[in-house]
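Read the structure below first, then the notes.
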Amino acid sequence: MTAAARSVAVEFDQVQKAFGPVQVLHGVSFSLAPGRVYGLLGENGAGKSTLMKILAGYEPASGGSVRINGVAHSFDSSRAAEALGIVLIHQEFNLAEHLSVAQNIFLGHEKKKGWLLDDAAMDREAAEALAQVGLTLAPTTPVSRLIVAEKQLVEIAKALSRRARLLVMDEPTATLTPGETERLFELIARLRADGVTIVYISHKLDEVERITDEVIVMRDGRFVHQAPTAELTRHQMANLMVGRELADLYPVRDAVDRSVAPAMSVSDFTVPGWAVGVSFDVRPGEILGFAGLVGAGRTELFEGLLGLRPATGQVDMLGQRVNTGKGWRNPSHAAAAGLTYLSEDRKGKGLHVHLGLRQNLTLMALERYARPWLDPKAERQALAEAVSDYGIRTGDLDARASSLSGGNQQKLALAKVLQPKPKVVVLDEPTRGVDVGAKRDIYFLVQRLARLGLAVIVVSSELMELIGLCHRVAVMRAGRLVATLDADGLTEEALITHATGTE
């Protein structure tokens, strides 16, 4: 039996990690047994991903040891870890957009026939891996053509093709539909029965409660607690993560004045191939949710409104027709009219993570800080105010956006789209990949925006988020708006039945 075919047991013994003077892991110790599913919990910045990168060969430890089946290992690469069956699926996709699905799955592990690549064999085995995750795609499809959810499943298929015996999944369902999530859970159950160890990193505590055998909690780079999942409630998990009693997750909804004219009205709006004849309005002080399965057209509808896609329809802002027959020309034109948009792709479209916090914050409102020359002092003052107003945790105002945790990056991105002082703000998956403490912060920020008189639109795949936060929820299915439910009629069952057409 090869090393990769054996079960894998892991012991972390006083593992430490420092990046320069910053200590990220402080003597972490716990163990993982074969054939178990572990929920690894902690706020963003708790050290979960860093620890898993050490296990999977992406980072060296600064101290302590990692023992695999009783033998200490210090991997110098991810390939060395994969040789023992340890595979990490990153939260941020690690795919080459210009290559095909099959080429991505076998990248660095190409099959050959003599001196030539054996494309037929790779396509065949890639198809088998895709079938395991329930993805019906031609292996020759370029990754650039895939939607976010499909890319996530390709990442999982790639890991399975490496014959993983210990599989780390970092927020694997963040972009998946309920049906795709169910198939993933079935796959996890099959892997577990086959003796594969699963480390499941997620902020969705309902999923952790459902599919894991044990829960491990980290906080501030330290091990906090390990216990059978059945012994912990979700509330206890959340409290262990944040180190304090977590009050109600959602703010109390304020009433919306229905006598006030809508801040934005959209009529018969069509984005070819994605949305057909959509009409809705949103009032000042209102939080309007948009629900629907992946592919329902929610994101594409708003990209059409912003001028990022061809579109037709009527849009009125504060009672004034802003354009005849289509949306805005581009996002800058929309922002000037009072509409801004926070993309679901935080690192790809929301922020320039390699730029500084200041440069990211002011990018959408540069005319305010450049009269005629850019005023770094004014930008820095704006950043200091944003850090205070939005609770952005950073020890250095001159740091790059990439240095922030996911939750703090999202707060920075939110502050950025509010710089043009919009009347309507669209937040697409505003809490994707952030921890429960940051989620609560963002929910209360959204409520604060509504109280200031902004109209807020929240596009989300998390039904409880929409139910807990919104005054109304519009449901899209196959490009059409099929229902709009008031807060008193919001249930998961009602939203799912409208989204799937089973009402």
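Starting from 1 in every chain, residues are counted up; chains themselves are A, B, ... following the order of the structure tokens, and ligands are numbered from 1 as listed.
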Show which residues sit within 10 Å of Phe75 of chain A, as a ChimeraX atom specification. Count only C-alpha atoms, and ignore same-chain residues fewer than 2 positions away.
-> /A:54-61,66,72-73,77-82
Running DSSP on the backbone, which parts of segment 69-216 of chain A land in strand (DSSP E), as an MDAnalysis selection string?
-> chainID A and resid 71:73 86:89 112:113 116:117 166:170 197:201 214:216
At what distance in Å, to one decimal, does atom CA of Cys470 of chain A lie from atom CA of Leu288 of chain A?
->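 So the two atoms, atom CA of Leu288 of chain A and atom CA of Cys470 of chain A, lie 5.6 Å apart.
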Would you mind listing, for every residue of segment 126-192 of chain A within 12 Å of segment 16-34 of chain A, the two atoms forming the shortest contact and the distance between them in Å to one decimal, using only C-alpha atoms, sorted by chain and ascending residue number, as JSON lines?
{"residue": "A:Arg165", "atom": "CA", "partner": "A:Pro34", "partner_atom": "CA", "distance": 8.4}
{"residue": "A:Leu166", "atom": "CA", "partner": "A:Pro34", "partner_atom": "CA", "distance": 8.0}
{"residue": "A:Leu167", "atom": "CA", "partner": "A:Pro34", "partner_atom": "CA", "distance": 10.9}
{"residue": "A:Val168", "atom": "CA", "partner": "A:Leu32", "partner_atom": "CA", "distance": 11.7}
{"residue": "A:Leu191", "atom": "CA", "partner": "A:Pro34", "partner_atom": "CA", "distance": 10.8}
{"residue": "A:Arg192", "atom": "CA", "partner": "A:Pro34", "partner_atom": "CA", "distance": 8.5}
May I have the residues within 12 Å of Pro178 of chain A as a PyMOL selection string, using only C-alpha atoms and disregarding those fewer than 4 positions away in the same chain?
-> chain A and resi 149+173-174+182-185+207+292-294+461-463+492+496+499-500
Any chance you can output those residues with C-alpha atoms as a short mmCIF file (atom, residue, chain, number, x, y, z; two decimals), in the first residue's frame?
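What landed in out10.cif:
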data_model
loop_
_atom_site.label_atom_id
_atom_site.label_comp_id
_atom_site.auth_asym_id
_atom_site.auth_seq_id
_atom_site.Cartn_x
_atom_site.Cartn_y
_atom_site.Cartn_z
CA ALA A 149 -19.90 28.08 -8.12
CA THR A 173 -20.09 26.12 0.10
CA ALA A 174 -19.71 29.91 -0.01
CA GLU A 182 -26.25 18.69 -0.69
CA ARG A 183 -24.15 16.84 -3.27
CA LEU A 184 -20.99 18.06 -1.55
CA PHE A 185 -22.27 16.76 1.80
CA GLU A 207 -23.42 23.20 8.21
CA GLY A 292 -32.49 33.01 -5.89
CA LEU A 293 -30.38 30.06 -6.90
CA VAL A 294 -26.99 30.48 -8.57
CA SER A 461 -27.46 33.20 -1.02
CA GLU A 462 -27.86 32.92 2.76
CA LEU A 463 -31.60 32.76 3.34
CA GLU A 492 -36.74 29.65 4.44
CA ILE A 496 -36.88 28.10 -1.41
CA ALA A 499 -36.65 30.08 -5.99
CA THR A 500 -37.15 26.49 -7.19
#
Run DSSP on the backbone and give me the residues of segment 187-344 of chain A it puts in alpha helix (DSSP H), as an MDAnalysis selection string.
-> chainID A and resid 187:193 205:211 234:242 298:305 331:337
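A straight line drawn from atom CA of Pro139 of chain A to atom CA of Val87 of chain A is 21.3 Å long.
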Could you give me, as an MDAnalysis selection string, the residues within 12 Å of Arg368 of chain A, counting only C-alpha atoms and dropping anything in the same chain fewer than 6 positions from it?
-> chainID A and resid 362 374:376 378:379 382 419:421
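Residues in contact with Gly297 of chain A at 8 Å, where only C-alpha atoms are counted and same-chain residues fewer than 3 positions away are skipped, are listed as Trp274, Ala275, Val294, Glu300, Leu301, Met476, Arg477, Ala478, Gly479 and Arg480 of chain A.
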Write the residues of the preceding selection, restricted to C-alpha atoms, as a PDB file, in the first residue's frame.
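File produced: result_16.pdb:
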ATOM      1  CA  TRP A 274     -29.736  36.693 -17.750  1.00  0.00           C
ATOM      2  CA  ALA A 275     -32.760  38.778 -16.721  1.00  0.00           C
ATOM      3  CA  VAL A 294     -26.990  30.480  -8.571  1.00  0.00           C
ATOM      4  CA  GLU A 300     -26.184  39.974 -13.751  1.00  0.00           C
ATOM      5  CA  LEU A 301     -29.297  42.149 -13.299  1.00  0.00           C
ATOM      6  CA  MET A 476     -35.614  35.562  -8.890  1.00  0.00           C
ATOM      7  CA  ARG A 477     -35.853  32.342 -10.844  1.00  0.00           C
ATOM      8  CA  ALA A 478     -34.453  31.728 -14.337  1.00  0.00           C
ATOM      9  CA  GLY A 479     -33.973  35.449 -14.962  1.00  0.00           C
ATOM     10  CA  ARG A 480     -37.418  36.570 -13.823  1.00  0.00           C
TER      11      ARG A 480
END
Non-local contacts of Ala189 of chain A (12 Å; only C-alpha atoms; under 2 positions in same chain excluded) as a VMD selection string = chain A and resid 35 to 37 182 to 187 191 to 198 210 to 213
Residues within 12 Å of Pro262 of chain A, please, as a compact mmCIF listing (two decimals) with C-alpha atoms, in the first residue's frame. Count only C-alpha atoms; anything in the same chain fewer than 6 positions from it doesn't count.
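Saved result, part.txt, follows:
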# COMPACT_ATOMS: atom_id res chain seq x y z
CA VAL A 256 -40.14 51.94 6.43
CA PHE A 280 -38.94 46.63 -8.58
CA ASP A 281 -38.50 49.68 -6.37
CA VAL A 282 -36.71 50.44 -3.11
CA ARG A 283 -37.40 53.30 -0.69
CA PRO A 284 -35.10 55.40 1.47
CA GLY A 285 -34.47 53.59 4.75
CA GLU A 286 -35.44 50.22 3.28
CA LEU A 288 -34.50 45.07 0.06
CA VAL A 315 -34.65 53.48 -14.30
CA ASP A 316 -35.84 56.38 -12.13
CA MET A 317 -33.80 57.83 -9.26
CA LEU A 318 -35.70 59.96 -6.76
CA GLY A 319 -38.51 60.38 -9.28
CA GLN A 320 -36.25 61.46 -12.14
CA LYS A 423 -28.63 57.27 -2.41
CA VAL A 424 -28.88 53.56 -3.25
CA GLY A 453 -31.85 57.32 4.74
CA LEU A 454 -30.05 55.19 2.15
CA ALA A 455 -31.90 52.53 0.21
CA VAL A 456 -29.96 49.28 0.60
Between atom CA of Glu344 of chain A and atom CA of Val148 of chain A - distance in Å to one decimal | 9.8 Å
Using only C-alpha atoms, the residue out of A:Ala311, A:Ala127, A:Leu357, A:Val252 with shortest distance to Gly277 of chain A is A:Ala311
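With only C-alpha atoms as the atoms that count, the residue of A:Arg380, A:Arg145, A:Arg222, A:Lys204 with the shortest distance to Arg234 of chain A is A:Lys204.
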